[in-house]
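K.L.:
Encoded as structure tokens, here's the structure I'll be asking about.
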Amino acid sequence: MSMLDRRTFLYGAGFAAGALALGACSSADPAPPSRNSTPTARAGKGSEPKPLTPPAKLTEAPALAAQVEAGTLPALGKRIPANPYVVPHRWLEPAKYGGGLTILAPATNDLQIREYMYGHSLLRFLNDALDIGPGLVESWESNEDTSQWTLHFRQGLHWSDGKPWTTADIMFWWEDMVLNEEHTEVPPDETRSAKGTVMKLTAPDDVTLVMSFDAPSPLTPMRLAGYVNRGNGATWMEPKHYLSRYHPRYNNAPKDWATADGEFDRRRDYSQVVGCPTMTGWRLKSYSEGRQAVWERNPYYWVVDKEGRQLPNIDTLTIRANEDVEVGKLQIQEGKVSYVHGPFAGLNLGDVSGLKKTQDRSGMDVFLWDSGTGTGSMFFFNYDHQDPKMRALIRMPKFRQALSHAFHRADARKQIYFNTGELTTGTMSPKASEYQADEQGKAIYRQWRDSYVKYDPALAKKILDEIGVVDKNGDGVREMPDGSPLSIRLDYPADTGVEHQQKNNMLKRDWEAIGLTVKLNPMPPDGYGDQWNAGRLTAQCAWEVSSGPDHLAQAAWMLPLEPSRWAPLEGQFYNLRGTPQEKEELDVDPFKRTPPRMEPEPDGPIAALWKLYDQSKLEPDQVKRRQLAFEMVKIHIEQGPFFMGTVANTPVVMLAHKDLGNVPRRENLAQGGFVNPWQHPTPAVYDPETYFWRNPDQHT
């Protein structure tokens, strides 16, 4: 599973039944009501954007209160901050303590498990990323040009083992891991300036952190809110009191301490090691690899609800390992699971009908959240293809535009996405803040979405004729402009999900219909990335674009910043800017450099995109940054598509037991949900710690 892209959905059979179940439902409309459903949330929509004041009286779970009374646990006031974080969601109702939640995951240590917990985040996204709220950081400010940010953490934070959390735990990560040449941890993007240089990080005291850059860094809060940290996204903190015993700076440590098999890295995995301190709402209680992991309430969790109840409400999370998607569906239908985040369980729109038919047996409500994808299953050429003739053709905008017009997206929307979502050329997420700000943003989104979306094979043929991609030898298929053979290879990992395979078959069908030769090329997943990065592959057709919450905080789809996207060698060149390697091997063939990399054409679109992006990283004014993003979109419209989409903002399947409260429905969420980007960690952003059982005794 890619850390840069979100979940890949596995779409199965069952179109006719699924279409009946979904009917006219689209991601632009509320999900249909579930049969036998019980209202699980208030009618409130979205979250309060400003921090809430904690209630004067705070309460805790009865089990913890009993431990306090027995003298085995400190009083609540000594366990949580003086000013705890108050969950601000408007849909929450008064809750009850108790019960257990059962969840499926492909493995007991799968990264997706961390996506249920936002406890390590410095700042938090609210309202589907339209707002940023506090987290571990209670308040923050910058100097006038945003080159220095000061973060003020909550006083009285504790790790799950009861030891104080302080900024020393961040400095331990920074100094003893990131800056330690023996360890593999690297500075995350939010710690680099617009010039590519690493910030200076200082901690004046236990609750204050200062980030100093050599250039304005206005996007810092946005980047600090992204991901869940410590495993998904940057690490940002480790418990110094616990891990320093395995670090050579503080204790004797073996030579392999910094390797994946070393004691240091093994001990710091709080999802596998019982007793490893965490800041999340639940802490690991027991672990049976490949079978199940049981998480229990963290007595030191630093978050409360609006009624002053320390969270979480539910006593335990049981994570059951299940690699087989079909077996998982059976477990859901038999009522052996109580909450399902559909993308994590491999559920898709084709499963809706079957899940609804078994609701009486499973006790599960079926509902939909918006994915926020800007493309659905996508396609893009390797802009830096190693073959000069193929590279020259790919870099012709008209060639890519012709192929976009030849793609029958309405067919894909019907057969793969059950007539949900909206046909798109391929854009950044329609949930992006630039598109929500005003009418200009909405208009620019529509312009990009519709730029080359029209299905018009006659126009596609005409464009190919204009650029010389014609049948020169009379064999019935089109050749290169110089008359040499032209074959478009659709490369994709062999374990690609059904959704992408269906779309790839449609691309082959539609492009062959306009006279092109197209070959499907499933490949072993191992080594796929290395071949792509080196320019040896032609296409990538098993991904989607769901980056958010704006165009600049995670801009790798807008322009090449690293080697995994549409211009890998130029992305690698950007990735090494500001390092000694930037000036090395300039007299070597770009494809033979280590790593392979090339400079952009001086007057080409990538050089223009880089220039705009570098300006945006220095621009403190949000409105001006938005205009720079729109200038980048204009390049995508005029000289794109650099990546080609299918259907935007398709819905994703969710399930929650009918007795489970505070699980938001689409109508509760500010933008209907924003599921797919890893950067907007879902469901963590909706605080599963607030979920509760209306009858906890029946769900222990």
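Here, A, B, ... name the chains of the structure tokens in the order displayed, residue numbers run from 1 inside each chain, and ligands are numbered from 1 in the same displayed order.
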Show me, as a list in words, the residues that have an atom within 12 Å of Lys255 of chain A when counting only C-alpha atoms, minus same-chain residues fewer than 6 positions from it.
P.N.:
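Counting only the stated atoms, we get Glu182, His183, Tyr246, His247, Pro248, Asp261, Gly262, Glu263 and Phe264 of chain A.
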K.L.:
Would you work out the distance separating atom CA of Glu601 of chain A from atom CA of Ala556 of chain A, expressed in Å to one decimal?
P.N.:
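Separation between atom CA of Glu601 of chain A and atom CA of Ala556 of chain A: 18.4 Å.
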K.L.:
Within 12 Å of Met222 of chain A, counting only C-alpha atoms, which residues qualify if same-chain residues fewer than 5 places away don't, as a ChimeraX atom specification?
P.N.:
/A:121-126,129-134,189-190,217,227,433,548-554,622,679-680
K.L.:
Since we have the selection now, will you write its residues out, keeping C-alpha atoms, as a PDB file, in the first residue's frame?
P.N.:
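As written to disk, selection27.pdb reads:
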ATOM      1  CA  SER A 121      -0.642  14.522  15.664  1.00  0.00           C
ATOM      2  CA  LEU A 122       0.631  17.962  16.508  1.00  0.00           C
ATOM      3  CA  LEU A 123      -2.333  19.652  14.780  1.00  0.00           C
ATOM      4  CA  ARG A 124      -5.599  18.203  13.460  1.00  0.00           C
ATOM      5  CA  PHE A 125      -7.705  18.585  10.347  1.00  0.00           C
ATOM      6  CA  LEU A 126     -11.345  19.551  10.890  1.00  0.00           C
ATOM      7  CA  ALA A 129      -9.612  19.607   5.919  1.00  0.00           C
ATOM      8  CA  LEU A 130     -11.249  23.006   5.447  1.00  0.00           C
ATOM      9  CA  ASP A 131      -9.985  23.952   8.925  1.00  0.00           C
ATOM     10  CA  ILE A 132      -6.976  23.187  11.108  1.00  0.00           C
ATOM     11  CA  GLY A 133      -7.373  22.774  14.847  1.00  0.00           C
ATOM     12  CA  PRO A 134      -5.064  22.092  17.778  1.00  0.00           C
ATOM     13  CA  ASP A 189       8.932  17.493   3.941  1.00  0.00           C
ATOM     14  CA  GLU A 190       7.452  19.779   6.598  1.00  0.00           C
ATOM     15  CA  SER A 217       7.323  28.421   5.190  1.00  0.00           C
ATOM     16  CA  TYR A 227      -1.157  12.019   8.486  1.00  0.00           C
ATOM     17  CA  SER A 433      -9.675  24.044  -0.443  1.00  0.00           C
ATOM     18  CA  GLY A 548      -5.394  16.961  -0.391  1.00  0.00           C
ATOM     19  CA  PRO A 549      -6.374  19.065   1.339  1.00  0.00           C
ATOM     20  CA  ASP A 550      -4.986  21.616  -1.091  1.00  0.00           C
ATOM     21  CA  HIS A 551      -2.780  21.685  -4.171  1.00  0.00           C
ATOM     22  CA  LEU A 552       0.424  22.747  -2.433  1.00  0.00           C
ATOM     23  CA  ALA A 553       0.644  20.829   0.858  1.00  0.00           C
ATOM     24  CA  GLN A 554       1.138  17.594  -1.081  1.00  0.00           C
ATOM     25  CA  GLN A 622      -3.143  32.622   1.164  1.00  0.00           C
ATOM     26  CA  GLN A 679      -2.712  12.910   4.377  1.00  0.00           C
ATOM     27  CA  HIS A 680      -6.308  13.373   5.595  1.00  0.00           C
TER      28      HIS A 680
END
K.L.:
List the neighbours of Pro74 of chain A out to 10 Å using only C-alpha atoms; skip same-chain residues closer than 2 positions along the sequence, and give me the result as a short mmCIF file (atom, residue, chain, number, x, y, z; two decimals) with C-alpha atoms, in the first residue's frame.
P.N.:
data_model
loop_
_atom_site.label_atom_id
_atom_site.label_comp_id
_atom_site.auth_asym_id
_atom_site.auth_seq_id
_atom_site.Cartn_x
_atom_site.Cartn_y
_atom_site.Cartn_z
CA LEU A 64 -10.43 3.70 35.72
CA ALA A 65 -12.27 5.33 38.60
CA GLN A 67 -8.31 1.90 39.93
CA VAL A 68 -8.00 5.43 41.26
CA GLU A 69 -9.99 4.48 44.33
CA ALA A 70 -7.81 1.41 44.83
CA GLY A 71 -4.68 3.56 44.63
CA THR A 72 -3.27 1.82 41.52
CA LEU A 76 -7.79 11.93 36.46
CA GLY A 77 -6.53 15.49 36.98
CA LYS A 78 -2.99 14.17 37.30
CA ARG A 79 -3.23 12.00 34.18
CA GLY A 162 2.20 7.35 32.80
CA PRO A 299 -5.80 5.86 30.97
CA TYR A 300 -3.64 8.86 30.03
#
K.L.:
Could you pull out the alpha helix (DSSP H) residues of segment 259-455 of chain A from DSSP and send them as number ranges by chain?
P.N.:
A: 263-267, 325-333, 352-357, 359-362, 388-394, 397-406, 409-415, 433-436, 439-450
K.L.:
I want to know what sits within 9 Å of Ile80 of chain A, based on only C-alpha atoms, with residues of the same chain fewer than 6 positions away left out; could you give that as JSON, numbers by chain?
P.N.:
{"A": [155, 156, 157, 158, 299, 300, 301, 302, 303, 310]}
K.L.:
Please write the residues from the selection above to a file, keeping C-alpha atoms, as a PDB file, in the first residue's frame.
P.N.:
ATOM      1  CA  GLN A 155       0.991  21.108  29.851  1.00  0.00           C
ATOM      2  CA  GLY A 156       0.543  17.826  31.659  1.00  0.00           C
ATOM      3  CA  LEU A 157       0.663  15.373  28.747  1.00  0.00           C
ATOM      4  CA  HIS A 158       1.595  11.767  29.547  1.00  0.00           C
ATOM      5  CA  PRO A 299      -5.800   5.863  30.966  1.00  0.00           C
ATOM      6  CA  TYR A 300      -3.642   8.860  30.027  1.00  0.00           C
ATOM      7  CA  TYR A 301      -5.372   9.856  26.787  1.00  0.00           C
ATOM      8  CA  TRP A 302      -5.379  13.629  26.591  1.00  0.00           C
ATOM      9  CA  VAL A 303      -8.774  14.108  24.886  1.00  0.00           C
ATOM     10  CA  GLN A 310     -12.273  11.358  29.058  1.00  0.00           C
TER      11      GLN A 310
END
K.L.:
Compile the contact shell of Leu537 of chain A as a PyMOL selection string: residues with an atom at most 7 Å away, counting only C-alpha atoms, same-chain residues fewer than 3 positions apart removed.
P.N.:
chain A and resi 382+385+491+531-532
K.L.:
So that I can check the secondary structure, give me every residue of segment 224-376 of chain A assigned strand (DSSP E) by backbone DSSP, as JSON, numbers by chain.
P.N.:
{"A": [282, 283, 284, 285, 286, 287, 288, 292, 293, 294, 295, 296, 297, 303, 304, 316, 317, 318, 319, 320, 321, 339, 340, 341, 364, 365, 366, 367, 368, 369, 370]}
